[in-house]
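Source file query-v9.cif; content: mmCIF, C-alpha atoms.
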data_model
loop_
_atom_site.label_atom_id
_atom_site.label_comp_id
_atom_site.auth_asym_id
_atom_site.auth_seq_id
_atom_site.Cartn_x
_atom_site.Cartn_y
_atom_site.Cartn_z
CA MET A 1 53.79 85.80 167.33
CA THR A 2 50.60 83.83 167.67
CA GLY A 3 48.28 82.95 170.52
CA ASP A 4 45.24 84.45 172.18
CA ASP A 5 46.38 84.97 175.81
CA LEU A 6 43.19 83.40 177.13
CA ALA A 7 45.13 82.37 180.24
CA SER A 8 45.10 86.04 181.18
CA GLY A 9 41.45 86.45 180.22
CA PHE A 10 42.00 88.13 176.85
CA ALA A 11 40.95 86.77 173.46
CA VAL A 12 43.47 88.98 171.65
CA PRO A 13 46.84 88.40 169.97
CA ALA A 14 49.42 87.52 172.61
CA GLU A 15 51.93 90.09 171.31
CA GLN A 16 49.63 92.93 172.35
CA ARG A 17 50.43 94.68 175.62
CA ARG A 18 47.48 94.71 177.99
CA VAL A 19 47.36 97.35 180.72
CA TRP A 20 44.82 97.76 183.53
CA ASP A 21 44.45 101.53 183.75
CA PHE A 22 41.78 103.03 185.99
CA SER A 23 43.41 106.47 186.14
CA ALA A 24 41.38 109.53 185.20
CA ASP A 25 43.52 109.99 182.10
CA GLY A 26 43.15 106.33 181.18
CA ILE A 27 39.38 106.51 181.47
CA ARG A 28 39.15 109.57 179.22
CA ARG A 29 41.61 108.23 176.65
CA THR A 30 39.87 104.88 176.29
CA LEU A 31 36.42 106.45 176.12
CA ASP A 32 37.58 108.98 173.52
CA ALA A 33 38.98 106.14 171.44
CA SER A 34 35.70 104.23 171.72
CA LEU A 35 33.65 107.26 170.72
CA GLU A 36 35.85 107.74 167.68
CA ARG A 37 35.51 104.11 166.62
CA LEU A 38 31.75 104.22 167.14
CA GLY A 39 31.36 107.53 165.34
CA VAL A 40 29.29 109.10 168.14
CA ASP A 41 29.80 111.89 170.64
CA HIS A 42 28.21 110.21 173.65
CA VAL A 43 27.18 106.79 174.98
CA ASP A 44 24.37 105.68 177.25
CA ILE A 45 26.32 103.74 179.90
CA VAL A 46 29.98 103.32 180.83
CA TYR A 47 31.16 100.70 183.31
CA LEU A 48 34.47 100.36 185.11
CA HIS A 49 35.25 96.82 183.96
CA ASP A 50 36.66 94.30 186.46
CA PRO A 51 38.58 96.61 188.81
CA ASP A 52 38.99 93.69 191.26
CA ASP A 53 42.76 94.07 191.74
CA HIS A 54 42.77 97.84 191.28
CA ALA A 55 40.18 98.98 193.81
CA GLU A 56 42.14 101.93 195.19
CA GLN A 57 42.76 103.49 191.79
CA ALA A 58 39.26 102.71 190.56
CA PHE A 59 37.59 104.47 193.49
CA ARG A 60 40.10 107.30 193.80
CA GLU A 61 40.60 108.14 190.11
CA GLY A 62 38.46 106.12 187.75
CA TYR A 63 35.10 106.67 189.36
CA PRO A 64 35.49 110.49 189.78
CA ALA A 65 36.46 110.65 186.09
CA LEU A 66 33.21 108.93 185.19
CA GLU A 67 31.27 111.37 187.37
CA LYS A 68 32.79 114.28 185.41
CA LEU A 69 32.00 112.65 182.08
CA ARG A 70 28.40 112.15 183.20
CA ALA A 71 28.16 115.80 184.27
CA GLU A 72 29.52 116.83 180.86
CA GLY A 73 26.89 114.74 179.08
CA VAL A 74 29.45 112.49 177.41
CA VAL A 75 27.91 109.47 179.14
CA GLY A 76 24.35 109.06 180.32
CA ALA A 77 24.92 106.67 183.21
CA ILE A 78 27.93 105.27 185.04
CA GLY A 79 28.71 102.16 187.01
CA ALA A 80 30.94 99.13 187.42
CA GLY A 81 30.77 95.61 186.04
CA MET A 82 32.31 92.62 187.80
CA ASN A 83 32.10 88.89 188.44
CA GLN A 84 31.70 89.48 192.17
CA ALA A 85 29.17 91.12 194.47
CA GLY A 86 31.35 92.48 197.28
CA MET A 87 33.04 95.39 195.53
CA LEU A 88 29.88 96.18 193.59
CA THR A 89 28.13 96.60 196.94
CA ARG A 90 30.77 99.15 197.86
CA PHE A 91 30.14 101.02 194.61
CA VAL A 92 26.41 101.10 195.35
CA GLN A 93 26.84 102.22 198.95
CA ASP A 94 29.80 104.60 198.70
CA THR A 95 29.40 106.29 195.31
CA ASP A 96 26.70 107.78 193.11
CA VAL A 97 26.74 105.13 190.39
CA ASP A 98 23.55 104.71 188.41
CA VAL A 99 23.90 100.99 187.78
CA VAL A 100 26.15 98.01 188.39
CA LEU A 101 26.56 94.92 186.23
CA CYS A 102 26.86 91.76 188.30
CA ALA A 103 27.92 88.73 186.26
CA GLY A 104 27.27 85.20 187.45
CA ARG A 105 26.54 86.05 191.07
CA TYR A 106 22.75 86.06 190.83
CA THR A 107 21.58 82.93 189.07
CA LEU A 108 19.73 79.73 189.81
CA LEU A 109 23.08 78.28 190.90
CA ASP A 110 24.70 81.23 192.68
CA GLN A 111 22.73 83.78 194.70
CA SER A 112 25.64 85.39 196.54
CA ALA A 113 24.50 88.85 195.35
CA LEU A 114 21.32 88.36 197.36
CA ALA A 115 23.10 88.83 200.69
CA GLU A 116 24.19 92.47 200.36
CA LEU A 117 24.34 93.83 196.80
CA LEU A 118 20.72 93.52 195.77
CA PRO A 119 19.28 94.80 199.09
CA ALA A 120 21.71 97.73 198.97
CA ALA A 121 20.63 98.55 195.42
CA VAL A 122 16.98 98.54 196.43
CA ALA A 123 17.68 100.73 199.46
CA ARG A 124 19.61 103.30 197.40
CA GLY A 125 17.39 103.17 194.32
CA LYS A 126 20.18 101.87 192.09
CA SER A 127 19.76 99.53 189.13
CA VAL A 128 21.42 96.16 188.72
CA VAL A 129 22.05 94.47 185.39
CA VAL A 130 22.47 90.73 185.87
CA GLY A 131 24.97 89.18 183.49
CA GLY A 132 25.94 85.55 183.12
CA ALA A 133 22.40 84.32 183.66
CA PHE A 134 23.44 80.90 182.35
CA ASN A 135 26.65 80.77 184.46
CA SER A 136 28.87 80.49 181.37
CA GLY A 137 26.66 77.85 179.79
CA LEU A 138 25.84 75.31 182.47
CA LEU A 139 22.26 76.57 182.87
CA ALA A 140 21.78 76.81 179.11
CA ASP A 141 22.61 73.17 178.44
CA PRO A 142 23.78 71.11 181.41
CA LYS A 143 25.98 68.22 180.22
CA PRO A 144 29.33 66.71 181.24
CA ASP A 145 31.42 69.16 179.19
CA ALA A 146 29.38 72.24 180.12
CA THR A 147 31.22 75.27 181.47
CA TYR A 148 30.68 77.19 184.69
CA ASN A 149 32.55 80.41 185.46
CA TYR A 150 34.57 79.96 182.25
CA ALA A 151 35.84 76.50 183.22
CA GLN A 152 34.51 72.95 183.20
CA ALA A 153 31.56 72.69 185.55
CA PRO A 154 32.19 70.90 188.88
CA ALA A 155 30.35 67.59 189.18
CA GLU A 156 28.13 68.75 192.04
CA LEU A 157 26.95 71.82 190.15
CA LEU A 158 26.35 69.78 187.00
CA ASP A 159 24.19 67.42 189.04
CA ARG A 160 22.25 70.34 190.51
CA ALA A 161 21.67 71.85 187.07
CA LEU A 162 20.52 68.51 185.67
CA ARG A 163 18.04 68.14 188.53
CA MET A 164 16.71 71.63 187.78
CA LYS A 165 16.41 70.76 184.12
CA ALA A 166 14.38 67.67 184.98
CA VAL A 167 12.00 69.78 187.09
CA ALA A 168 11.67 72.27 184.24
CA GLU A 169 10.81 69.54 181.76
CA ARG A 170 8.16 68.15 184.08
CA HIS A 171 6.53 71.58 184.01
CA GLY A 172 6.77 71.92 180.24
CA ILE A 173 9.45 74.62 180.13
CA THR A 174 13.17 74.87 179.47
CA LEU A 175 15.83 75.49 182.08
CA ARG A 176 16.91 78.48 179.98
CA ALA A 177 13.50 80.11 180.42
CA ALA A 178 13.61 79.52 184.17
CA ALA A 179 17.15 80.88 184.46
CA LEU A 180 16.22 84.13 182.73
CA ALA A 181 12.95 84.54 184.61
CA PHE A 182 14.67 84.02 187.95
CA CYS A 183 17.25 86.74 187.32
CA ALA A 184 14.59 89.24 186.25
CA ALA A 185 12.33 88.65 189.25
CA HIS A 186 14.33 90.61 191.82
CA PRO A 187 13.08 94.22 192.22
CA ALA A 188 16.60 95.63 191.93
CA VAL A 189 17.20 94.04 188.54
CA ALA A 190 16.65 96.37 185.61
CA SER A 191 17.92 94.08 182.85
CA VAL A 192 19.26 90.59 182.22
CA LEU A 193 22.30 90.31 179.98
CA VAL A 194 23.05 87.12 178.05
CA GLY A 195 25.80 86.24 175.60
CA ALA A 196 24.94 84.86 172.18
CA ARG A 197 27.17 83.40 169.47
CA SER A 198 24.63 83.35 166.66
CA ALA A 199 21.37 84.85 165.43
CA ALA A 200 19.65 81.62 166.43
CA GLU A 201 20.83 82.01 170.02
CA VAL A 202 19.60 85.62 170.08
CA ARG A 203 16.16 84.49 168.91
CA ASP A 204 16.12 81.64 171.41
CA CYS A 205 16.99 83.95 174.31
CA ALA A 206 14.18 86.32 173.36
CA GLU A 207 11.72 83.43 173.11
CA GLN A 208 12.80 81.93 176.42
CA PHE A 209 12.63 85.27 178.19
CA ALA A 210 9.05 85.71 176.96
CA ALA A 211 7.99 82.22 178.07
CA HIS A 212 5.81 81.83 181.13
CA VAL A 213 7.31 79.80 183.96
CA PRO A 214 4.52 78.23 186.04
CA ALA A 215 4.34 78.75 189.79
CA GLY A 216 4.52 75.00 190.31
CA PHE A 217 8.04 74.94 188.94
CA TRP A 218 9.31 77.42 191.53
CA GLN A 219 7.49 75.61 194.30
CA GLU A 220 9.06 72.28 193.33
CA LEU A 221 12.52 73.85 193.29
CA ARG A 222 11.95 75.13 196.80
CA ASP A 223 10.40 71.91 198.05
CA THR A 224 13.37 69.89 196.81
CA GLY A 225 15.96 72.30 198.20
CA LEU A 226 17.17 73.37 194.77
CA LEU A 227 16.29 77.02 195.40
CA SER A 228 16.49 79.13 198.52
CA THR A 229 13.22 80.40 199.94
CA ASP A 230 14.90 83.81 200.36
CA ALA A 231 15.21 84.43 196.62
CA PRO A 232 12.32 86.34 194.99
CA ILE A 233 10.52 84.44 192.26
CA PRO A 234 8.07 85.57 189.55
CA THR A 235 4.58 85.67 191.00
CA GLU A 236 2.32 87.00 188.27
CA GLU A 237 0.30 84.53 186.26
CA PRO A 238 -0.24 85.32 182.56
CA SER A 239 -3.27 87.45 181.81
#

Rewrite the coordinates I just gave you, this time as structure tokens.
Amino acid sequence: MTGDDLASGFAVPAEQRRVWDFSADGIRRTLDASLERLGVDHVDIVYLHDPDDHAEQAFREGYPALEKLRAEGVVGAIGAGMNQAGMLTRFVQDTDVDVVLCAGRYTLLDQSALAELLPAAVARGKSVVVGGAFNSGLLADPKPDATYNYAQAPAELLDRALRMKAVAERHGITLRAAALAFCAAHPAVASVLVGARSAAEVRDCAEQFAAHVPAGFWQELRDTGLLSTDAPIPTEEPS
């Protein structure tokens, strides 16, 4: 058989059987297999990955299993990673996770994590890793065939991204630099995660992250209604 089963969200051969298993046994088996493949006896962080449709099992079985693994020293930190903010807020408020990975919900185009997740993380002293800083590519290079949330970008979001890009160019920066700086500015955010397909993209992300984004850029975004005044922005000028 051939195929990649991307319709189900998996870039793997279609003949493989994919099982969502957030049981305690499933957590230990998959982690043991990963440790063996990696050739190590512990890892720094383990996330429950996309438990959206399996919340009951994830909270009842999967999360306690991670707590035990952390206590045993097999993992250094535990958390959950998702493309939504609501359930991650529950993890922050109702469990003792160290960190959550929130993909695509805290960007220049989508600040839904700002309502509850990020304030909850600050209140509880938990870390947030922001993934999907470019919203699947739209904020990296806005153009008609750009993607947003793994699909073709809606026209209204493409227009918004293009307007942001124009503001960035007027201030002598790239939209990529602004997108990364925005994600990192919130006090709850410990790290910004980006995907790269080549060494050149890795180098570019590092360069853009190090670039200074002038205060005038943020002010123009706010003045033109392209950015909410509630969202924290970088405030320090370069020394």

Next on the checklist: Using all atoms listed in the file for the distances, tell me which of A:Ile45, A:Ala200, A:Ala55, A:Val92 is nearest to Lys126 of chain A.
Outcome noted: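 Between A:Ile45, A:Ala200, A:Ala55, A:Val92, the residue approaching Lys126 of chain A most closely is A:Val92.
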
Practice item. Find the residues around Asp159 of chain A up to 12 Å (only C-alpha atoms counted), leave out those fewer than 2 positions away in its own chain, and share them as a list of chain:residue names. Key: A:Leu109, A:Leu138, A:Leu139, A:Pro142, A:Lys143, A:Pro144, A:Ala146, A:Ala153, A:Pro154, A:Ala155, A:Glu156, A:Leu157, A:Ala161, A:Leu162, A:Arg163, A:Met164, A:Lys165, A:Ala166, A:Leu226

Output the selection as a compact mmCIF listing (two decimals), in the frame of the given file - C-alpha atoms for each residue.
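The result, stored in result.txt:
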# COMPACT_ATOMS: atom_id res chain seq x y z
CA LEU A 109 23.08 78.28 190.90
CA LEU A 138 25.84 75.31 182.47
CA LEU A 139 22.26 76.57 182.87
CA PRO A 142 23.78 71.11 181.41
CA LYS A 143 25.98 68.22 180.22
CA PRO A 144 29.33 66.71 181.24
CA ALA A 146 29.38 72.24 180.12
CA ALA A 153 31.56 72.69 185.55
CA PRO A 154 32.19 70.90 188.88
CA ALA A 155 30.35 67.59 189.18
CA GLU A 156 28.13 68.75 192.04
CA LEU A 157 26.95 71.82 190.15
CA ALA A 161 21.67 71.85 187.07
CA LEU A 162 20.52 68.51 185.67
CA ARG A 163 18.04 68.14 188.53
CA MET A 164 16.71 71.63 187.78
CA LYS A 165 16.41 70.76 184.12
CA ALA A 166 14.38 67.67 184.98
CA LEU A 226 17.17 73.37 194.77

- Around the point (13.2, 89.8, 187.4), in the coordinates given by the file, pick out the residues reaching within 10 Å, counting all atoms listed in the file, and return them as an MDAnalysis selection string. chainID A and resid 130 180:192 232:234

Around the point (41.1, 109.4, 182.7) (coordinates from the file), which residues reach within 12 Å if we count all atoms listed in the file? Answer as a PDB file with C-alpha atoms, keeping the file's coordinate frame.
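File produced: out07.pdb:
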ATOM      1  CA  ASP A  21      44.450 101.530 183.750  1.00  0.00           C
ATOM      2  CA  PHE A  22      41.780 103.030 185.990  1.00  0.00           C
ATOM      3  CA  SER A  23      43.410 106.470 186.140  1.00  0.00           C
ATOM      4  CA  ALA A  24      41.380 109.530 185.200  1.00  0.00           C
ATOM      5  CA  ASP A  25      43.520 109.990 182.100  1.00  0.00           C
ATOM      6  CA  GLY A  26      43.150 106.330 181.180  1.00  0.00           C
ATOM      7  CA  ILE A  27      39.380 106.510 181.470  1.00  0.00           C
ATOM      8  CA  ARG A  28      39.150 109.570 179.220  1.00  0.00           C
ATOM      9  CA  ARG A  29      41.610 108.230 176.650  1.00  0.00           C
ATOM     10  CA  THR A  30      39.870 104.880 176.290  1.00  0.00           C
ATOM     11  CA  LEU A  31      36.420 106.450 176.120  1.00  0.00           C
ATOM     12  CA  ASP A  32      37.580 108.980 173.520  1.00  0.00           C
ATOM     13  CA  ALA A  33      38.980 106.140 171.440  1.00  0.00           C
ATOM     14  CA  LEU A  48      34.470 100.360 185.110  1.00  0.00           C
ATOM     15  CA  GLN A  57      42.760 103.490 191.790  1.00  0.00           C
ATOM     16  CA  ALA A  58      39.260 102.710 190.560  1.00  0.00           C
ATOM     17  CA  ARG A  60      40.100 107.300 193.800  1.00  0.00           C
ATOM     18  CA  GLU A  61      40.600 108.140 190.110  1.00  0.00           C
ATOM     19  CA  GLY A  62      38.460 106.120 187.750  1.00  0.00           C
ATOM     20  CA  TYR A  63      35.100 106.670 189.360  1.00  0.00           C
ATOM     21  CA  PRO A  64      35.490 110.490 189.780  1.00  0.00           C
ATOM     22  CA  ALA A  65      36.460 110.650 186.090  1.00  0.00           C
ATOM     23  CA  LEU A  66      33.210 108.930 185.190  1.00  0.00           C
ATOM     24  CA  GLU A  67      31.270 111.370 187.370  1.00  0.00           C
ATOM     25  CA  LYS A  68      32.790 114.280 185.410  1.00  0.00           C
ATOM     26  CA  LEU A  69      32.000 112.650 182.080  1.00  0.00           C
TER      27      LEU A  69
END

Exercise. Expand the PyMOL selection byres ((chain A and resi 175) around 7) into the individual residues it matches in the shown file, reporting them as a list of chain:residue names.
Key: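 Those residues are A:Leu139, A:Ala140, A:Met164, A:Lys165, A:Ala168, A:Ile173, A:Thr174, A:Arg176, A:Ala177, A:Ala178, A:Ala179.
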